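Enquirer: This is the structure, below, for whatever I ask next.
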Amino acid sequence: MTTEVKPPIPRGKPRTEPGTVAEPGQITQTGEITIPHRPIAVGASGLYVLQPLLNLPGPFATDQGPDSMESGGFLPAIREELRLDVDGRYPQMAASGVLRNGIAGRANWVAKLNSTAPNTFAGPIFHAWTTGGPSFPYNFVKITVTTSLIPSTQRATAIFSTPGGSQSIHRYRFSSPYFHPVELEFDSADGTTAITTFNTGTHPNRPATLPIENLAIETIYQRAGFNVTKSGGDGTVPIAGAGSNHRWSNMEMHDAMQTYWSKFANIAQWSMWVFFASLHEMGTSLGGIMFDDIGPNHRQGTAIFEDAFISVAPPGDPQPAAWVQRMRFWTACHEAGHGFNLAHSWQESLGTPWIPLADEPEGRTFMNYPYNVSGGTSAFFSNFEYRFSDQELLFMRHAPERFVEMGAANWFDNHGFQQARVSQEPDLRLQLRANRDTPLFEFMEPVVLELKLTNISREPQLLHEGLLGDLDSMTIIVKKDNQPARTYRPYAHYCRRETNTVLDAGKSFYDSLFIGAGRGQWHISEPGYYTVQLALHLPAQDVVSNPFRLRVAPPRGGYEQEYLAQDFFSDGVGRVLNFDGSSVLKQDIDTLQEVADRLPDSRAAVHARIALANSAGSASLQLSIPESHHRPTSAAAAGAKFVSTKPDVKDVKQARHLWESAIVTKQNLSAETLGHVDLKYYADAYSAWLAGQGDSHDAANVQEHLHKTLSARGVLPQVLESIAARKREYESKRART
């Protein structure tokens, strides 16, 4: 449960409740204090852990510590922590920690502090979250630090108070000047350079007070409060991993992260992989991509594309080389910030439900886009101090780990999108829908919905191109009846250059939304009723969609279908479906093959065959590592090499059969389960693949089948014309050859 107390006292502003009287430094009946500021002892901040022997009366206390057996106790040892944040770099005047909650439970809490005496800090606990025990009873904490020249001997005493006056005393020993550990690994593709440092004096567009120093990515996150170490596995990735076009696809990126990250393992870990490459297959408009996790245990990885728009300095810039270096460095820090679950600065109010965070559209923080602020990139960097904002630091340092990682959005159960900035006279309407008569989905059918954004004003609207495909510009909620709502979290985050386009009055943009599975979980799997709703965040307003109700039917295949579902509803299968294939996740590919073989007429089989076809018909690369170096710190040091695997005649034949079964043989069924947008997308991909195999005749036939199916389903004339034009193009190519 959550215990909300008073909102935090603004830093440096003494306050009492109306009608109360308090002497300076005294606690009022409301638990707040009036505070004359006194000196703060530098060196108090950091991580403290519970001391071995304690005297802890109170409802959340035990009288045993980590060495409880030495004291004759029988309660299990549970690590208690105190994170004190009152001095050093960017102090937030806050404290947080973990308290034991009975025998098996725990409570996370956070308080806003003021200095009440030398080495003494006090303030209200304004947020607490408990699991496995009674509710959190405390609303106030007072912390006294005994400083020392020898950090290991430094101690802190925290006195927790209830509104009724009872107290619990906890004593801690100093553990680290940092709040959390994090490990980084930097790899770069052939022909690229990992930009991990930047000298702040190399470009004249900077704050006058900015120190001239050589910053590293590690420095940025050390100053944010993390004990940053390097894995020692930095290396080079052969460009062959990007295929013949030397541009990285999502599937290639996903596979490369697992292949080259030296610390990848099926265990939870504070570790991040940062990959520097040339270009994504989307081209120069994509500067970076962040994978929230790899595999079932929440891995985190980031890729930076150095030849994207971030490598083009504006005309007339006095130091174009420094401008490019700065943008590449900023992009790396920005994408890594997403790895800590930080939202973009203009989306923070609709982010992870912890404490209320305000949007910061003009914030000079790594999590804003420099070109989005008033005055653009030049204005941003003229005031940018190479840091995160205070509320971002508060989140990174003091939010419980499960708050950072979890996908639950309990606030939606009570409030929905009431916090959204919805215009009283909106210019745009956003619709969620399914391309079928009734929103009934088969058991195991991956749910794909269609997005339709319509200009309902009388004037043309200037919008970002590809807006509906940018999941970072949305908050998406999925709620199963009688269960907590969850925020949909995509497998990838993108850093794009935003190009404007015009949406005329009465016209619409369309895109698809693969909503069934997201990072770490399947959102729509069990039979029952679900509600899906999203908010599209634009600079001036939020556009909220209709709440879309859908139903998942019970299984019809009996034991066999339920048996397959146990492997199908996995994180790996969700990833393979999301990225349309994989050459690394063999077990999940096998699961999809089993679904296609044993449930051939199911809608799940349609999705499975597309991923299988893409995997079988595409060239792939595998990292070959000698058995004596099963988990090397460096692929090069281990004598590893890339082995290119091209599809043979059998693979091509199999891929063709799978494509035909998925999108040609039963196109009406495919149109319903894939949606019109994705059916056209995959039909175009199959046609292009056939043409690449030298079969323009069948490529044209695929377009003819697509035209017939979508024409019967009443799609827009301009879509049908584009299909007809593509068919004529293949026919012309066949005639020329």
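Residue names in the structure tokens use chain letters A, B, ... in the order shown, residue numbers from 1 in each chain, and ligand numbers from 1 in the order shown.
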Mind listing the alpha helix (DSSP H) residues of segment 508-671 of chain A, per DSSP on the backbone, as number ranges by chain?

Expert: A: 558-568, 571-578, 586-598, 603-617, 649-663, 667-671

Enquirer: Can you list, as a ChimeraX atom specification, all residues belonging to segment 472-551 of chain A that DSSP tags as strand (DSSP E)?

Expert: /A:474-480,486-487,492-496,500-503,508-514,517-518,521-522,528-537,542-544,548-551

Enquirer: Would you mind reading off the distance between atom CA of Asp684 of chain A and atom CA of Asn455 of chain A, one decimal, in Å?

Expert: 27.6 Å

Enquirer: Calculated over only C-alpha atoms, which of the candidates A:Gln319, A:Asn578, A:Ala216, A:Leu286 has the smallest distance to His607 of chain A?

Expert: A:Asn578

Enquirer: Find the residues near Phe509 of chain A: any atom within 10 Å, counting only C-alpha atoms, skip ones fewer than 3 places away on the same chain, and give them as JSON, numbers by chain.

Expert: {"A": [430, 451, 452, 453, 454, 455, 465, 466, 467, 468, 503]}

Enquirer: Residues as selected, C-alpha atoms, written as a JSON list (two decimals), in the first residue's frame, can you do that?

Expert:
```json
[["chain", "number", "residue", "atom", "x", "y", "z"],
["A", 430, "LEU", "CA", -7.28, 10.15, -31.76],
["A", 451, "LEU", "CA", -4.31, 4.31, -34.56],
["A", 452, "LYS", "CA", -6.16, 7.02, -36.46],
["A", 453, "LEU", "CA", -5.34, 10.70, -35.86],
["A", 454, "THR", "CA", -7.77, 13.07, -37.59],
["A", 455, "ASN", "CA", -7.60, 16.83, -38.07],
["A", 465, "GLU", "CA", 6.17, 13.13, -39.48],
["A", 466, "GLY", "CA", 5.77, 9.61, -38.15],
["A", 467, "LEU", "CA", 4.13, 10.93, -34.96],
["A", 468, "LEU", "CA", 1.91, 7.87, -34.44],
["A", 503, "LEU", "CA", -2.24, 17.25, -41.97]]
```

Enquirer: Within 8 Å of segment 153-160 of chain A, counting only C-alpha atoms, which residues show up once you throw out same-chain ones fewer than 2 positions away? Write them as a compact mmCIF listing (two decimals) with C-alpha atoms, in the first residue's frame, please.

Expert:
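Resulting contents of result_39.txt:
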```txt
# COMPACT_ATOMS: atom_id res chain seq x y z
CA TYR A 48 24.41 4.00 5.06
CA TYR A 138 5.90 7.26 10.46
CA ASN A 139 5.51 10.77 9.09
CA PHE A 140 8.70 12.43 10.30
CA VAL A 141 12.42 11.64 10.51
CA LYS A 142 15.37 13.27 12.24
CA ILE A 143 18.88 12.23 11.16
CA THR A 144 22.10 12.99 13.02
CA VAL A 145 25.48 12.24 11.44
CA THR A 146 28.71 11.61 13.31
CA THR A 147 31.31 12.63 10.76
CA SER A 148 34.81 11.20 10.65
CA ILE A 150 37.84 7.84 8.18
CA PRO A 151 34.64 7.25 6.15
CA THR A 162 4.58 8.76 14.31
CA GLN A 167 9.52 6.77 17.94
CA SER A 168 11.83 4.18 16.43
CA ILE A 169 15.59 4.64 16.50
CA HIS A 170 17.79 3.16 13.77
CA ARG A 171 21.58 3.39 13.67
CA TYR A 172 23.57 3.03 10.47
CA ARG A 173 27.20 2.84 9.39
CA PHE A 174 28.56 4.64 6.34
```

Enquirer: Could you list, as an mmCIF file with N, CA and C atoms, in the first residue's frame, every residue within 10 Å of Met444 of chain A, counting only C-alpha atoms and ignoring same-chain residues fewer than 2 positions away?

Expert:
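File written: around_26.cif
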```
data_model
loop_
_atom_site.group_PDB
_atom_site.id
_atom_site.type_symbol
_atom_site.label_atom_id
_atom_site.label_comp_id
_atom_site.auth_asym_id
_atom_site.auth_seq_id
_atom_site.Cartn_x
_atom_site.Cartn_y
_atom_site.Cartn_z
ATOM 1 N N PHE A 441 -10.646 -11.250 -29.686
ATOM 2 C CA PHE A 441 -9.367 -11.814 -30.100
ATOM 3 C C PHE A 441 -9.252 -13.254 -29.626
ATOM 4 N N GLU A 442 -8.642 -14.081 -30.464
ATOM 5 C CA GLU A 442 -8.413 -15.462 -30.073
ATOM 6 C C GLU A 442 -7.416 -15.537 -28.918
ATOM 7 N N PRO A 446 -1.605 -12.332 -30.758
ATOM 8 C CA PRO A 446 -0.993 -11.047 -30.395
ATOM 9 C C PRO A 446 -1.903 -9.895 -30.833
ATOM 10 N N VAL A 447 -2.183 -8.991 -29.912
ATOM 11 C CA VAL A 447 -3.147 -7.926 -30.186
ATOM 12 C C VAL A 447 -2.457 -6.775 -30.914
ATOM 13 N N GLY A 516 0.163 -6.228 -27.583
ATOM 14 C CA GLY A 516 0.066 -7.463 -26.810
ATOM 15 C C GLY A 516 1.197 -7.648 -25.828
ATOM 16 N N ILE A 524 -1.532 -8.324 -22.693
ATOM 17 C CA ILE A 524 -2.827 -8.907 -23.040
ATOM 18 C C ILE A 524 -2.582 -10.373 -23.374
ATOM 19 N N SER A 525 -2.983 -11.260 -22.478
ATOM 20 C CA SER A 525 -2.707 -12.689 -22.676
ATOM 21 C C SER A 525 -3.858 -13.552 -22.171
ATOM 22 N N GLU A 526 -4.245 -13.405 -20.922
ATOM 23 C CA GLU A 526 -5.267 -14.261 -20.341
ATOM 24 C C GLU A 526 -6.645 -13.918 -20.899
ATOM 25 N N PRO A 527 -7.550 -14.901 -20.944
ATOM 26 C CA PRO A 527 -8.920 -14.608 -21.370
ATOM 27 C C PRO A 527 -9.571 -13.574 -20.452
ATOM 28 N N VAL A 552 -10.485 -11.152 -24.890
ATOM 29 C CA VAL A 552 -9.706 -12.317 -25.288
ATOM 30 C C VAL A 552 -10.537 -13.557 -24.966
ATOM 31 N N ALA A 553 -10.784 -14.376 -25.984
ATOM 32 C CA ALA A 553 -11.624 -15.553 -25.813
ATOM 33 C C ALA A 553 -10.878 -16.656 -25.066
ATOM 34 N N PRO A 554 -11.600 -17.556 -24.431
ATOM 35 C CA PRO A 554 -10.952 -18.716 -23.793
ATOM 36 C C PRO A 554 -10.317 -19.614 -24.848
ATOM 37 N N PRO A 555 -9.350 -20.439 -24.468
ATOM 38 C CA PRO A 555 -8.719 -21.338 -25.440
ATOM 39 C C PRO A 555 -9.720 -22.350 -25.989
ATOM 40 N N GLN A 561 -3.272 -26.265 -26.647
ATOM 41 C CA GLN A 561 -3.125 -24.813 -26.745
ATOM 42 C C GLN A 561 -2.637 -24.222 -25.428
ATOM 43 N N GLU A 562 -3.190 -24.704 -24.329
ATOM 44 C CA GLU A 562 -2.750 -24.198 -23.032
ATOM 45 C C GLU A 562 -1.294 -24.572 -22.762
ATOM 46 N N LEU A 564 1.119 -24.976 -25.088
ATOM 47 C CA LEU A 564 1.946 -24.099 -25.907
ATOM 48 C C LEU A 564 1.991 -22.683 -25.349
ATOM 49 N N ALA A 565 0.894 -22.252 -24.748
ATOM 50 C CA ALA A 565 0.824 -20.880 -24.230
ATOM 51 C C ALA A 565 1.863 -20.624 -23.149
ATOM 52 N N PHE A 568 4.769 -19.643 -25.133
ATOM 53 C CA PHE A 568 4.469 -18.538 -26.054
ATOM 54 C C PHE A 568 4.452 -17.196 -25.324
ATOM 55 N N PHE A 569 3.832 -17.151 -24.150
ATOM 56 C CA PHE A 569 3.727 -15.887 -23.411
ATOM 57 C C PHE A 569 5.000 -15.641 -22.604
ATOM 58 N N VAL A 595 4.195 -23.400 -32.663
ATOM 59 C CA VAL A 595 2.861 -22.807 -32.782
ATOM 60 C C VAL A 595 2.374 -22.892 -34.224
ATOM 61 N N SER A 602 -4.557 -21.049 -36.601
ATOM 62 C CA SER A 602 -4.772 -20.006 -35.594
ATOM 63 C C SER A 602 -4.225 -18.672 -36.067
ATOM 64 N N ARG A 603 -4.713 -17.612 -35.460
ATOM 65 C CA ARG A 603 -4.202 -16.281 -35.786
ATOM 66 C C ARG A 603 -2.801 -16.079 -35.213
ATOM 67 N N ALA A 604 -2.506 -16.769 -34.122
ATOM 68 C CA ALA A 604 -1.148 -16.698 -33.588
ATOM 69 C C ALA A 604 -0.154 -17.228 -34.609
ATOM 70 N N ALA A 605 -0.560 -18.224 -35.393
ATOM 71 C CA ALA A 605 0.336 -18.798 -36.398
ATOM 72 C C ALA A 605 0.680 -17.792 -37.487
#
```

Enquirer: Within 7 Å of Phe388 of chain A, counting only C-alpha atoms, which residues qualify if same-chain residues fewer than 5 places away don't, as number ranges by chain?

Expert: A: 365-366, 393

Enquirer: May I ask for the distance between atom CA of Trp129 of chain A and atom CA of Val110 of chain A, given in Å to one decimal place?

Expert: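 Separating atom CA of Trp129 of chain A from atom CA of Val110 of chain A is a distance of 9.4 Å.
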
Enquirer: How many Å lie between atom CA of Gln222 of chain A and atom CA of Asp87 of chain A, rounded to one decimal?

Expert: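 A separation of 14.3 Å between them.
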
Enquirer: Find the spatial neighbours of segment 700-716 of chain A, counting only C-alpha atoms, within a cut-off of 12 Å - ignore same-chain residues fewer than 5 positions away - and output them as a ChimeraX atom specification.

Expert: /A:435-437,507-510,656,659-660,662-672,675-691,694-695,721-735
